[in-house]
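Report on one structure; see the data block that follows.
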Amino acid sequence: MSIIATSTSYGTKKKNILKNVSLEIKHNEIISLVGPNGAGKSTFLQILAGDFEPDSGFIQYDGIPLSKISIQERSFCRSVMSQSQPIIFDFTVRQVIEMGWVERGLSAYVEDFHQAVTKTAKECFVFDLLEDKFSNLSGGEQRRVHFARTLVQLWRPSESQDPRYLILDEPTANLDLFFEREILHLLRTKTNEGFGCLIVLHDLNLAAKFSDKMALLHNGAIVKFGNPKEILSSEILSEIYRLEITISKNPFRINYY
Amino acid sequence: MENSQRNIFIILCVSLIFSFFFKQAFSSTIEYQSGKNCLKGRDLSKIVVAGGSITEIIYYLGHQSKITAVDRTSRYPIEAKKLPSIGYVRNLSVEGVLSLNPSIVIGENDMGPTTVVEKIISMGIDLRIIPEIQTIEGIYKKINCVSSIFPESKLAQKRVQNLKESIKNLQILRNRSKGNPKKVMVILSIFGSSPIVAGKDTSGNSFIEILNFKNIANNFSGWKAVGIEHITKMNPDVILITKRGSRGYDSSQKLADSQIFKYTNAAKKKVFLYLMEWLC
Amino acid sequence: MNRKIHSYSFLKFIDFRQRVIICALFFMLITSILLSTKIGAFSIDLFEIISKSASPLEEMVLLEIRIPRILLSCFVGASLGLSGASLQGLFRNPLADPGLIGVSAGAALGAALTIVVGSDFTIYTALEKYMIPISAVLGSVCIILLLYVSTMGFSQKGIAYMLLIGIAVNAFATVGIAFLTFISSDLELRSLSFWIMGSFGGSEWITILPGIIIISFAILWMIVSSRELDILQLGESEASRLGVDVKKLKFKVIISSAVIVGVSVSLSGMISFVGLIVPHIVRLLGGVNHNFLLVGSAIAGGILMSVADLGSRTLIQPAEIPIGLITSALGAPIFLWLILRSVRK
């Protein structure tokens with residue numbers, strides 16, 4: 001049960017953005033994808049989510065090639081949170097969260113609808129905002145609402161064992177320290193319930209602390225993959241980020257200023 | 001023939017002859033001396049006409065051979081359409097007129113715009129604007145005026161004589177219809193929207209009044225769309241409709257069967273009369 | 001993987017307040033229809049008709065003249081309101097309007113062509129009655145094809161690009177109409193100007209029934225996409241990640257609005273601003289989610305149009321005010337207010 005990317009490549013006329021990237025996202029696991037700007041993180045995320053197809057290589061969801069899965073069925077098993085666009089009309093927070101609700105046509109889910117929205121809103125600390133206008137919220141609040149929407153999309157009745165995956169592009173952007181920690185804790189809880197997560201993070205310490213595995217992407221290729229504490233070394237990071245970076249063990253910490 | 005039907009037949013004949021003399025009442029801003037306009041033309045070698053009714057009169061009088069160009073409203077007789085066009089009577093262009101190098105320009109009273117008319121005068125061209133009064137006498141005067149610009153001819157005299165007789169017939173008709181004013185409605189067009197009906201201050205209204213009938217739609221002015229319900233309620237006895245504006249309804253039967261007129265007296269007696277394109 | 005999909009239960013996305021508003025709007029629609037059946041050149045009492053105590057003439061006027069007209073006005077209002085709401089949702093632009101994609105201009109061009117040059121080519125007299133509707137629909141179909149081809153099947157470069165194409169197409173059609181106005185005679189000019197400002201005066205059962213049937217189907221087809229329009233507000237790629245086939249949605253919304261606007265314009269002329277203002281009024285009333293908005297806009301459009309037509313029939317009796325004049329007179333100030341409001345934001 002996993003999302004597998006097998007040697008995916010993607011490029012434009014000018015530049016190869018991804019070169020032979022392979023990655024497996026198992027459930028019960030948080031994988032963080034780190035790397036400098038322009039490394040190809042977002043492109044890889046989009047290919048993984050199925051926005052477009054790679055030039056070569058392929059993506060499999062639980063053993064089925066992604067191209068064989070309809071966009072509707074994709075929406076049942078993975079949800080994506082990316083840098084979102086502004087919403088033009090005055091939707092309420094509740095309505096925005098409800099947009100994530102993917103209708104599966106099963107009565108069990110229909111009855112769960114209101115419970116799913118309220119419960120997720122509470123988890124993401126936006127319950128008090130439910131009736132507010134989305135466009136009046138601060139950036140951090142909007143981010144949390146989008147996160148709640150992403151979670152609602154994968155709502156299942158508690159006994160369900162369906163595989164499901166979260167693909168998150170900087171979920172903690174605009175969040176203050178408290179929410180940053182809370183959201184990542186929530187992500188950990190969800191992973192324990194059976195989610196598989198791929199998150200793009202810029203804060204290396206945060207990534208190292210909260211992820212099970214880390215993929216270090218540089219110039220469209222994965223340079224290192226594995227347990228953060230094992231794969232990160234000050235030489236590699238310094239080279240990739242063109243910055244003096246040291247790593248202190250006990251506590252594990254990456255220092256760059 | 002039943003009396004009322006004969007009346008209508010006469011109206012039809014007369015209207016066919018006269019239809020072209022009516023233009024929508026349009027107050028002209030151009031000042032002109034009516035006497036001067038009807039004097040004999042100095043040079044009639046190259047005539048430019050601006051106004052459908054003038055073209056028609058010239059053809060009627062048989063003076064058409066010297067017409068060089070006409071405006072776009074000159075649609076009758078059909079030969080006139082083949083002549084070079086100087087544009088729309090109310091929106092002429094100076095260059096268009098001057099390029100034809102006319103010796104005389106004969107125009108309708110609504111000829112315009114004013115600046116163009118002034119320019120034509122200032123270029124020293126013999127410009128005649130024919131006065132227009134929407135009565136029978138007015139028609140007669142108008143034709144006489146045009147006629148006096150041209151040299152006398154037998155044909156023209158004969159035609160004017162015919163006209164006099166027609167007018168006399170019309171007078172008889174007027175007298176006859178005096179006691180019994182029929183409710184008449186003039187309709188411009190029945191496609192695309194509610195029927196467009198002649199109210200007060202329209203050529204259609206003058207036409208009805210000349211015949212001494214009553215325009216039933218006289219409680220508004222101008223050409224207006226009138227709903228089918230109101231037409232049913234007004235219940236005209238006679239409906240006059242333009243041929244062009246009644247496309248698809250090419251017989252009285254079809255008009256009488258149409259939704260629009262179904263419940264009117266006119267439909268019951270099938271008194272629909274087609275008018276020529278006296279507005280175009 | 002589960003393939004049981006697509007049994008949306010719309011109701012859960014419409015909250016209690018919105019349900020009340022929809023019921024209230026529906027009640028208003030019924031009231032305005034009943035009012036319209038009563039008022040007119042003949043004052044007709046519906047109960048007298050039912051109890052057969054009215055005169056046969058009154059009954060005929062009601063059944064054959066007034067009711068088709070009221071029905072058409074409601075359907076045209078509903079289709080303009082609905083297509084305005086869904087196009088605003090699709091383009092994610094509160095100023096979008098059915099006129100914007102050029103379809104109504106195309107229909108107008110088709111009709112104008114028939115009015116102005118059609119009389120020189122009478123093909124078959126029995127068809128004359130349908131000439132204007134048919135040519136208007138053909139005009140809008142041509143515009144849709146042009147849009148379809150120039151946007152590579154509504155897919156190329158996203159929605160903003162299509163909006164620009166629509167504006168360009170609109171300009172073409174406007175030039176065409178202006179040219180026809182220029183070459184038309186007095187009679188044609190009058191018909192044209194009355195037609196362009198809109199009128200329900202020509203409503204007859206045989207001409208409106210096909211239109212009403214087409215409009216009804218298109219309305220149903222469009223209303224089922226309201227949930228997808230909601231999701232589209234997150235952005236095109238987000239929507240497709242949420243299982244919305246964006247290309248299909250665009251196709252569906254554009255084709256069905258084009259069809260209903262084309263048919264509406266062909267039967268009643270150009271009626272501006274309804275498609276623009278009705279969705280905004282409904283949003284102000286009860287919320288922006290499309291499950292509510294589309295149904296609400298359809299009903300509110302029907303109300304507005306039947307009231308406007310009542311005004312058009314009765315304000316300056318016996319003459320009629322072109323209905324476009326009434327809707328524009330109402331619409332222009334509201335439009336201005338909306339712009340000022342969005343600038344202030």
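Chain labels run A, B, ... following the order of the structure tokens; each chain numbers its residues from 1, and ligands are numbered from 1 in the order shown.
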**OP:** Can you check which residues of stretch 46-231 of chain A DSSP gives as strand (DSSP E) on the backbone and send them as a ChimeraX atom specification?
**Re:** /A:56-61,64-65,78-81,164-169,195-200,213-218,221-226
Can I get the residues of chain B within 8 Å of chain C, each with the closest pair of atoms and their distance in Å to one decimal, using only C-alpha atoms, sorted chain first then ascending number, as CSV?
residue,atom,partner,partner_atom,distance
B:Arg72,CA,C:Ser185,CA,8.0
B:Thr73,CA,C:Ser185,CA,7.1
B:Leu188,CA,C:Leu187,CA,7.0
B:Ser189,CA,C:Ser191,CA,6.8
B:Phe191,CA,C:Ser191,CA,7.3
B:Gly192,CA,C:Trp195,CA,5.6
B:Ser193,CA,C:Gly201,CA,5.2
B:Ser194,CA,C:Gly201,CA,4.0
B:Pro195,CA,C:Gly201,CA,7.6
B:Ile196,CA,C:Ser191,CA,7.8
B:Asn219,CA,C:Pro318,CA,7.9
B:Phe220,CA,C:Ala319,CA,7.1
B:Lys224,CA,C:Ala319,CA,5.8
B:Ala225,CA,C:Glu320,CA,5.4
B:Val226,CA,C:Ala319,CA,4.5
B:Gly227,CA,C:Gly201,CA,5.8
B:Ile228,CA,C:Gly201,CA,6.8
B:Glu229,CA,C:Ala41,CA,5.9
B:His230,CA,C:Ala41,CA,5.4
B:Lys233,CA,C:Ala41,CA,6.7
B:Arg244,CA,C:Ser119,CA,7.1
B:Gly245,CA,C:Leu187,CA,7.5
B:Arg247,CA,C:Glu128,CA,6.6
B:Gly248,CA,C:Glu128,CA,4.7
B:Tyr249,CA,C:Thr125,CA,7.8
B:Gln259,CA,C:Glu204,CA,7.1
B:Tyr263,CA,C:Leu57,CA,7.6
B:Leu279,CA,C:Leu187,CA,6.5
B:Cys280,CA,C:Asp186,CA,5.3
Resulting file, chosen residues, N, CA and C atoms, as a PDB file, in the first residue's frame:
ATOM      1  N   ARG B  72     -30.242  56.643 -50.772  1.00  0.00           N
ATOM      2  CA  ARG B  72     -30.576  55.253 -50.505  1.00  0.00           C
ATOM      3  C   ARG B  72     -32.064  55.029 -50.244  1.00  0.00           C
ATOM      4  N   THR B  73     -32.799  56.106 -49.940  1.00  0.00           N
ATOM      5  CA  THR B  73     -34.224  55.906 -49.688  1.00  0.00           C
ATOM      6  C   THR B  73     -35.020  55.817 -50.986  1.00  0.00           C
ATOM      7  N   LEU B 188     -46.350  48.949 -39.304  1.00  0.00           N
ATOM      8  CA  LEU B 188     -45.104  49.001 -40.058  1.00  0.00           C
ATOM      9  C   LEU B 188     -44.513  47.617 -40.216  1.00  0.00           C
ATOM     10  N   SER B 189     -44.530  46.874 -39.132  1.00  0.00           N
ATOM     11  CA  SER B 189     -43.840  45.592 -39.185  1.00  0.00           C
ATOM     12  C   SER B 189     -44.378  44.693 -38.086  1.00  0.00           C
ATOM     13  N   PHE B 191     -42.681  41.593 -37.406  1.00  0.00           N
ATOM     14  CA  PHE B 191     -41.750  40.527 -37.044  1.00  0.00           C
ATOM     15  C   PHE B 191     -40.706  41.002 -36.049  1.00  0.00           C
ATOM     16  N   GLY B 192     -40.296  40.086 -35.242  1.00  0.00           N
ATOM     17  CA  GLY B 192     -39.205  40.343 -34.301  1.00  0.00           C
ATOM     18  C   GLY B 192     -39.627  40.930 -32.982  1.00  0.00           C
ATOM     19  N   SER B 193     -40.746  41.614 -32.951  1.00  0.00           N
ATOM     20  CA  SER B 193     -41.169  42.196 -31.682  1.00  0.00           C
ATOM     21  C   SER B 193     -42.676  42.342 -31.734  1.00  0.00           C
ATOM     22  N   SER B 194     -43.232  43.082 -30.780  1.00  0.00           N
ATOM     23  CA  SER B 194     -44.643  43.411 -30.899  1.00  0.00           C
ATOM     24  C   SER B 194     -44.825  44.244 -32.161  1.00  0.00           C
ATOM     25  N   PRO B 195     -46.021  44.207 -32.763  1.00  0.00           N
ATOM     26  CA  PRO B 195     -46.238  44.986 -33.979  1.00  0.00           C
ATOM     27  C   PRO B 195     -45.920  46.474 -33.757  1.00  0.00           C
ATOM     28  N   ILE B 196     -45.318  47.086 -34.759  1.00  0.00           N
ATOM     29  CA  ILE B 196     -44.986  48.503 -34.653  1.00  0.00           C
ATOM     30  C   ILE B 196     -46.087  49.300 -35.353  1.00  0.00           C
ATOM     31  N   ASN B 219     -53.475  57.582 -29.245  1.00  0.00           N
ATOM     32  CA  ASN B 219     -53.163  58.067 -27.902  1.00  0.00           C
ATOM     33  C   ASN B 219     -51.686  57.967 -27.552  1.00  0.00           C
ATOM     34  N   PHE B 220     -50.860  57.797 -28.558  1.00  0.00           N
ATOM     35  CA  PHE B 220     -49.418  57.958 -28.347  1.00  0.00           C
ATOM     36  C   PHE B 220     -48.847  58.520 -29.626  1.00  0.00           C
ATOM     37  N   LYS B 224     -44.660  53.096 -32.466  1.00  0.00           N
ATOM     38  CA  LYS B 224     -44.371  52.377 -31.221  1.00  0.00           C
ATOM     39  C   LYS B 224     -44.788  50.913 -31.357  1.00  0.00           C
ATOM     40  N   ALA B 225     -44.085  50.092 -30.573  1.00  0.00           N
ATOM     41  CA  ALA B 225     -44.505  48.696 -30.488  1.00  0.00           C
ATOM     42  C   ALA B 225     -45.756  48.638 -29.622  1.00  0.00           C
ATOM     43  N   VAL B 226     -46.747  47.914 -30.080  1.00  0.00           N
ATOM     44  CA  VAL B 226     -47.982  47.779 -29.315  1.00  0.00           C
ATOM     45  C   VAL B 226     -48.261  46.288 -29.132  1.00  0.00           C
ATOM     46  N   GLY B 227     -48.558  45.930 -27.901  1.00  0.00           N
ATOM     47  CA  GLY B 227     -48.778  44.521 -27.604  1.00  0.00           C
ATOM     48  C   GLY B 227     -49.997  43.952 -28.315  1.00  0.00           C
ATOM     49  N   ILE B 228     -49.953  42.654 -28.530  1.00  0.00           N
ATOM     50  CA  ILE B 228     -51.042  41.981 -29.239  1.00  0.00           C
ATOM     51  C   ILE B 228     -52.364  42.175 -28.494  1.00  0.00           C
ATOM     52  N   GLU B 229     -52.283  42.122 -27.172  1.00  0.00           N
ATOM     53  CA  GLU B 229     -53.495  42.309 -26.372  1.00  0.00           C
ATOM     54  C   GLU B 229     -54.154  43.644 -26.670  1.00  0.00           C
ATOM     55  N   HIS B 230     -53.314  44.686 -26.773  1.00  0.00           N
ATOM     56  CA  HIS B 230     -53.877  46.006 -27.012  1.00  0.00           C
ATOM     57  C   HIS B 230     -54.475  46.110 -28.399  1.00  0.00           C
ATOM     58  N   LYS B 233     -57.672  44.635 -28.165  1.00  0.00           N
ATOM     59  CA  LYS B 233     -58.610  45.502 -27.444  1.00  0.00           C
ATOM     60  C   LYS B 233     -59.048  46.696 -28.302  1.00  0.00           C
ATOM     61  N   ARG B 244     -43.315  44.754 -46.815  1.00  0.00           N
ATOM     62  CA  ARG B 244     -42.023  44.318 -46.307  1.00  0.00           C
ATOM     63  C   ARG B 244     -42.088  43.910 -44.843  1.00  0.00           C
ATOM     64  N   GLY B 245     -42.984  44.588 -44.115  1.00  0.00           N
ATOM     65  CA  GLY B 245     -43.066  44.328 -42.691  1.00  0.00           C
ATOM     66  C   GLY B 245     -43.969  43.158 -42.349  1.00  0.00           C
ATOM     67  N   ARG B 247     -43.670  39.976 -43.697  1.00  0.00           N
ATOM     68  CA  ARG B 247     -43.081  38.795 -44.325  1.00  0.00           C
ATOM     69  C   ARG B 247     -43.642  37.526 -43.690  1.00  0.00           C
ATOM     70  N   GLY B 248     -43.942  36.577 -44.513  1.00  0.00           N
ATOM     71  CA  GLY B 248     -44.496  35.332 -43.999  1.00  0.00           C
ATOM     72  C   GLY B 248     -46.010  35.366 -43.964  1.00  0.00           C
ATOM     73  N   TYR B 249     -46.562  36.567 -44.053  1.00  0.00           N
ATOM     74  CA  TYR B 249     -48.022  36.684 -44.079  1.00  0.00           C
ATOM     75  C   TYR B 249     -48.399  37.362 -45.383  1.00  0.00           C
ATOM     76  N   GLN B 259     -51.917  35.007 -34.896  1.00  0.00           N
ATOM     77  CA  GLN B 259     -52.183  35.292 -33.495  1.00  0.00           C
ATOM     78  C   GLN B 259     -52.472  36.776 -33.247  1.00  0.00           C
ATOM     79  N   TYR B 263     -58.386  38.112 -33.297  1.00  0.00           N
ATOM     80  CA  TYR B 263     -59.633  38.471 -32.623  1.00  0.00           C
ATOM     81  C   TYR B 263     -60.151  39.862 -32.988  1.00  0.00           C
ATOM     82  N   LEU B 279     -42.313  54.033 -46.620  1.00  0.00           N
ATOM     83  CA  LEU B 279     -41.460  54.537 -45.542  1.00  0.00           C
ATOM     84  C   LEU B 279     -39.998  54.292 -45.819  1.00  0.00           C
ATOM     85  N   CYS B 280     -39.752  53.475 -46.811  1.00  0.00           N
ATOM     86  CA  CYS B 280     -38.368  53.043 -46.968  1.00  0.00           C
ATOM     87  C   CYS B 280     -37.564  54.012 -47.833  1.00  0.00           C
TER      88      CYS B 280
END
Subject >> C:Leu35 surroundings by only C-alpha atoms, 12 Å radius, close-in-sequence under 5 positions cut, as a PyMOL selection string >> reply: chain C and resi 28-30+40+43-46+66-67+70+303+306-307+309-311
Using C-alpha atoms, can you export the residues from the last selection as a PDB file, in the first residue's frame?
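Saved result, result-v5.pdb, follows:
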ATOM      1  CA  MET C  28     -42.705  35.706  -5.196  1.00  0.00           C
ATOM      2  CA  LEU C  29     -42.401  34.167  -8.638  1.00  0.00           C
ATOM      3  CA  ILE C  30     -45.847  32.623  -8.353  1.00  0.00           C
ATOM      4  CA  GLY C  40     -53.051  44.041 -19.019  1.00  0.00           C
ATOM      5  CA  SER C  43     -58.360  43.039 -16.878  1.00  0.00           C
ATOM      6  CA  ILE C  44     -58.786  39.322 -16.447  1.00  0.00           C
ATOM      7  CA  ASP C  45     -59.862  37.548 -13.304  1.00  0.00           C
ATOM      8  CA  LEU C  46     -58.332  34.114 -13.174  1.00  0.00           C
ATOM      9  CA  ARG C  66     -50.905  36.533 -22.228  1.00  0.00           C
ATOM     10  CA  ILE C  67     -49.879  33.194 -20.760  1.00  0.00           C
ATOM     11  CA  ILE C  70     -45.573  35.440 -19.257  1.00  0.00           C
ATOM     12  CA  ILE C 303     -39.305  37.213 -11.164  1.00  0.00           C
ATOM     13  CA  SER C 306     -41.914  38.803 -15.518  1.00  0.00           C
ATOM     14  CA  VAL C 307     -42.193  42.036 -13.514  1.00  0.00           C
ATOM     15  CA  ASP C 309     -42.445  42.567 -18.860  1.00  0.00           C
ATOM     16  CA  LEU C 310     -45.494  43.542 -16.857  1.00  0.00           C
ATOM     17  CA  GLY C 311     -44.038  47.047 -16.738  1.00  0.00           C
TER      18      GLY C 311
END
Per-residue nearest contacts of chain C to chain A (12 Å; only C-alpha atoms) as JSON lines:
{"residue": "C:Met1", "atom": "CA", "partner": "A:Glu73", "partner_atom": "CA", "distance": 7.4}
{"residue": "C:Asn2", "atom": "CA", "partner": "A:Glu73", "partner_atom": "CA", "distance": 7.7}
{"residue": "C:Arg3", "atom": "CA", "partner": "A:Glu73", "partner_atom": "CA", "distance": 7.7}
{"residue": "C:Lys4", "atom": "CA", "partner": "A:Gly105", "partner_atom": "CA", "distance": 6.1}
{"residue": "C:Ile5", "atom": "CA", "partner": "A:Arg104", "partner_atom": "CA", "distance": 5.3}
{"residue": "C:His6", "atom": "CA", "partner": "A:Gly105", "partner_atom": "CA", "distance": 6.1}
{"residue": "C:Ser7", "atom": "CA", "partner": "A:Gly105", "partner_atom": "CA", "distance": 5.1}
{"residue": "C:Tyr8", "atom": "CA", "partner": "A:Glu103", "partner_atom": "CA", "distance": 6.5}
{"residue": "C:Ser9", "atom": "CA", "partner": "A:Val110", "partner_atom": "CA", "distance": 8.3}
{"residue": "C:Phe10", "atom": "CA", "partner": "A:Glu103", "partner_atom": "CA", "distance": 10.5}
{"residue": "C:Leu11", "atom": "CA", "partner": "A:Val110", "partner_atom": "CA", "distance": 11.1}
{"residue": "C:Lys12", "atom": "CA", "partner": "A:Phe113", "partner_atom": "CA", "distance": 8.4}
{"residue": "C:Phe13", "atom": "CA", "partner": "A:Glu98", "partner_atom": "CA", "distance": 8.0}
{"residue": "C:Ile14", "atom": "CA", "partner": "A:Gln95", "partner_atom": "CA", "distance": 9.8}
{"residue": "C:Asp15", "atom": "CA", "partner": "A:Gln95", "partner_atom": "CA", "distance": 10.3}
{"residue": "C:Ala85", "atom": "CA", "partner": "A:Phe89", "partner_atom": "CA", "distance": 11.7}
{"residue": "C:Gln88", "atom": "CA", "partner": "A:Phe89", "partner_atom": "CA", "distance": 9.7}
{"residue": "C:Gly89", "atom": "CA", "partner": "A:Phe89", "partner_atom": "CA", "distance": 8.7}
{"residue": "C:Leu90", "atom": "CA", "partner": "A:Ile88", "partner_atom": "CA", "distance": 11.3}
{"residue": "C:Phe91", "atom": "CA", "partner": "A:Ile88", "partner_atom": "CA", "distance": 10.2}
{"residue": "C:Arg92", "atom": "CA", "partner": "A:Ile88", "partner_atom": "CA", "distance": 6.4}
{"residue": "C:Asn93", "atom": "CA", "partner": "A:Ile88", "partner_atom": "CA", "distance": 7.2}
{"residue": "C:Pro94", "atom": "CA", "partner": "A:Phe89", "partner_atom": "CA", "distance": 7.7}
{"residue": "C:Leu95", "atom": "CA", "partner": "A:Ile88", "partner_atom": "CA", "distance": 11.3}
{"residue": "C:Ser226", "atom": "CA", "partner": "A:Met99", "partner_atom": "CA", "distance": 11.5}
{"residue": "C:Arg227", "atom": "CA", "partner": "A:Met99", "partner_atom": "CA", "distance": 8.2}
{"residue": "C:Glu228", "atom": "CA", "partner": "A:Met99", "partner_atom": "CA", "distance": 8.9}
{"residue": "C:Leu229", "atom": "CA", "partner": "A:Met99", "partner_atom": "CA", "distance": 9.9}
{"residue": "C:Asp230", "atom": "CA", "partner": "A:Met99", "partner_atom": "CA", "distance": 6.8}
{"residue": "C:Ile231", "atom": "CA", "partner": "A:Met99", "partner_atom": "CA", "distance": 5.4}
{"residue": "C:Leu232", "atom": "CA", "partner": "A:Met99", "partner_atom": "CA", "distance": 9.1}
{"residue": "C:Gln233", "atom": "CA", "partner": "A:Ile87", "partner_atom": "CA", "distance": 5.9}
{"residue": "C:Leu234", "atom": "CA", "partner": "A:Ile87", "partner_atom": "CA", "distance": 6.2}
{"residue": "C:Gly235", "atom": "CA", "partner": "A:Gln85", "partner_atom": "CA", "distance": 6.3}
{"residue": "C:Glu236", "atom": "CA", "partner": "A:Gln85", "partner_atom": "CA", "distance": 9.6}
{"residue": "C:Ser237", "atom": "CA", "partner": "A:Asp51", "partner_atom": "CA", "distance": 7.0}
{"residue": "C:Glu238", "atom": "CA", "partner": "A:Val80", "partner_atom": "CA", "distance": 7.8}
{"residue": "C:Ala239", "atom": "CA", "partner": "A:Met99", "partner_atom": "CA", "distance": 9.2}
{"residue": "C:Ser240", "atom": "CA", "partner": "A:Ile71", "partner_atom": "CA", "distance": 6.8}
{"residue": "C:Arg241", "atom": "CA", "partner": "A:Ser75", "partner_atom": "CA", "distance": 5.9}
{"residue": "C:Leu242", "atom": "CA", "partner": "A:Ser75", "partner_atom": "CA", "distance": 5.0}
{"residue": "C:Gly243", "atom": "CA", "partner": "A:Gln72", "partner_atom": "CA", "distance": 4.0}
{"residue": "C:Val244", "atom": "CA", "partner": "A:Gln72", "partner_atom": "CA", "distance": 6.8}
{"residue": "C:Asp245", "atom": "CA", "partner": "A:Ile71", "partner_atom": "CA", "distance": 7.2}
{"residue": "C:Val246", "atom": "CA", "partner": "A:Ile71", "partner_atom": "CA", "distance": 10.2}
{"residue": "C:Lys247", "atom": "CA", "partner": "A:Ile71", "partner_atom": "CA", "distance": 11.9}
{"residue": "C:Pro279", "atom": "CA", "partner": "A:Phe89", "partner_atom": "CA", "distance": 11.6}
{"residue": "C:His280", "atom": "CA", "partner": "A:Phe89", "partner_atom": "CA", "distance": 10.3}
{"residue": "C:Arg283", "atom": "CA", "partner": "A:Asp90", "partner_atom": "CA", "distance": 8.8}
{"residue": "C:Leu284", "atom": "CA", "partner": "A:Asp90", "partner_atom": "CA", "distance": 9.8}
{"residue": "C:Gly286", "atom": "CA", "partner": "A:Asp90", "partner_atom": "CA", "distance": 11.0}
{"residue": "C:Gly287", "atom": "CA", "partner": "A:Phe91", "partner_atom": "CA", "distance": 7.4}
{"residue": "C:Val288", "atom": "CA", "partner": "A:Phe91", "partner_atom": "CA", "distance": 5.9}
{"residue": "C:Asn289", "atom": "CA", "partner": "A:Phe91", "partner_atom": "CA", "distance": 6.8}
{"residue": "C:His290", "atom": "CA", "partner": "A:Phe91", "partner_atom": "CA", "distance": 10.2}
{"residue": "C:Asn291", "atom": "CA", "partner": "A:Gln95", "partner_atom": "CA", "distance": 11.1}
{"residue": "C:Phe292", "atom": "CA", "partner": "A:Gln95", "partner_atom": "CA", "distance": 11.8}
{"residue": "C:Leu293", "atom": "CA", "partner": "A:Phe89", "partner_atom": "CA", "distance": 11.6}
{"residue": "C:Ser342", "atom": "CA", "partner": "A:Ile88", "partner_atom": "CA", "distance": 11.0}
{"residue": "C:Lys345", "atom": "CA", "partner": "A:Asn136", "partner_atom": "CA", "distance": 10.9}
**OP:** Can you pull out every residue within 7 Å of stretch 135-152 of chain B, counting only C-alpha atoms, but drop anything in the same chain fewer than 5 positions away, and send it as a list in words?
**Re:**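 The residues satisfying every condition are Phe21, Cys38, Leu39, Lys40, Gly41, Ile57, Ile130 and Ile210 of chain B.
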Original post:
Among stretch 5-230 of chain B, which ones does DSSP place in helix (DSSP H, G or I), written as a VMD selection string?
Top reply: chain B and resid 5 to 21 34 to 37 52 to 61 64 to 66 78 to 82 94 to 98 114 to 122 136 to 149 154 to 177 203 to 210 228 to 230
Subject >> Length of the atom CA of C:Ala78 to atom CA of C:Phe27 vector [Å] >> reply: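 Separation of atom CA of C:Ala78 and atom CA of C:Phe27: 14.9 Å.
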**OP:** Within 9 Å of C:Ile144, counting only C-alpha atoms, which residues show up once you throw out same-chain ones fewer than 6 positions away? Write them as a ChimeraX atom specification, please.
**Re:** /C:101-103,106,254-255,258
Original post:
What does the distance from atom CA of A:Ser22 to atom CA of A:Leu66 come to in Å, to one decimal?
Top reply: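 Atom CA of A:Ser22 sits 14.7 Å away from atom CA of A:Leu66.
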Original post:
So how many Å separate atom CA of B:Ile239 and atom CA of B:Glu56, to one decimal?
Top reply: 25.0 Å
**OP:** Would you list the contacts of B:Gly62 as number ranges by chain, taking every protein, DNA or RNA residue within 9 Å and counting only C-alpha atoms, but skipping same-chain residues closer than 5 positions in sequence?
**Re:** B: 57, 153, 155-156, 159
Can you write out the residues you just picked, keeping C-alpha atoms, as a PDB file, in the first residue's frame?
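Result file follows (again.pdb):
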ATOM      1  CA  ILE B  57     -42.277  62.095 -58.445  1.00  0.00           C
ATOM      2  CA  SER B 153     -43.944  68.195 -71.251  1.00  0.00           C
ATOM      3  CA  LEU B 155     -46.550  63.465 -70.324  1.00  0.00           C
ATOM      4  CA  ALA B 156     -46.065  65.474 -67.185  1.00  0.00           C
ATOM      5  CA  ARG B 159     -49.835  62.800 -65.215  1.00  0.00           C
TER       6      ARG B 159
END
**OP:** Determine, counting only C-alpha atoms, which protein, DNA and RNA residues have an atom within 12 Å of an atom of stretch 236-240 of chain A; residues of the same chain fewer than 4 positions away are not included. Present the result as a PyMOL selection string.
**Re:** chain A and resi 34-39+204+216-219+221-224+228+231-232+244-247+254-256
Subject >> Minimum-distance residue to B:Asn175, chosen among B:Ile121, B:Ile78, B:Leu211, B:Leu163 (using only C-alpha atoms) >> reply: B:Leu211
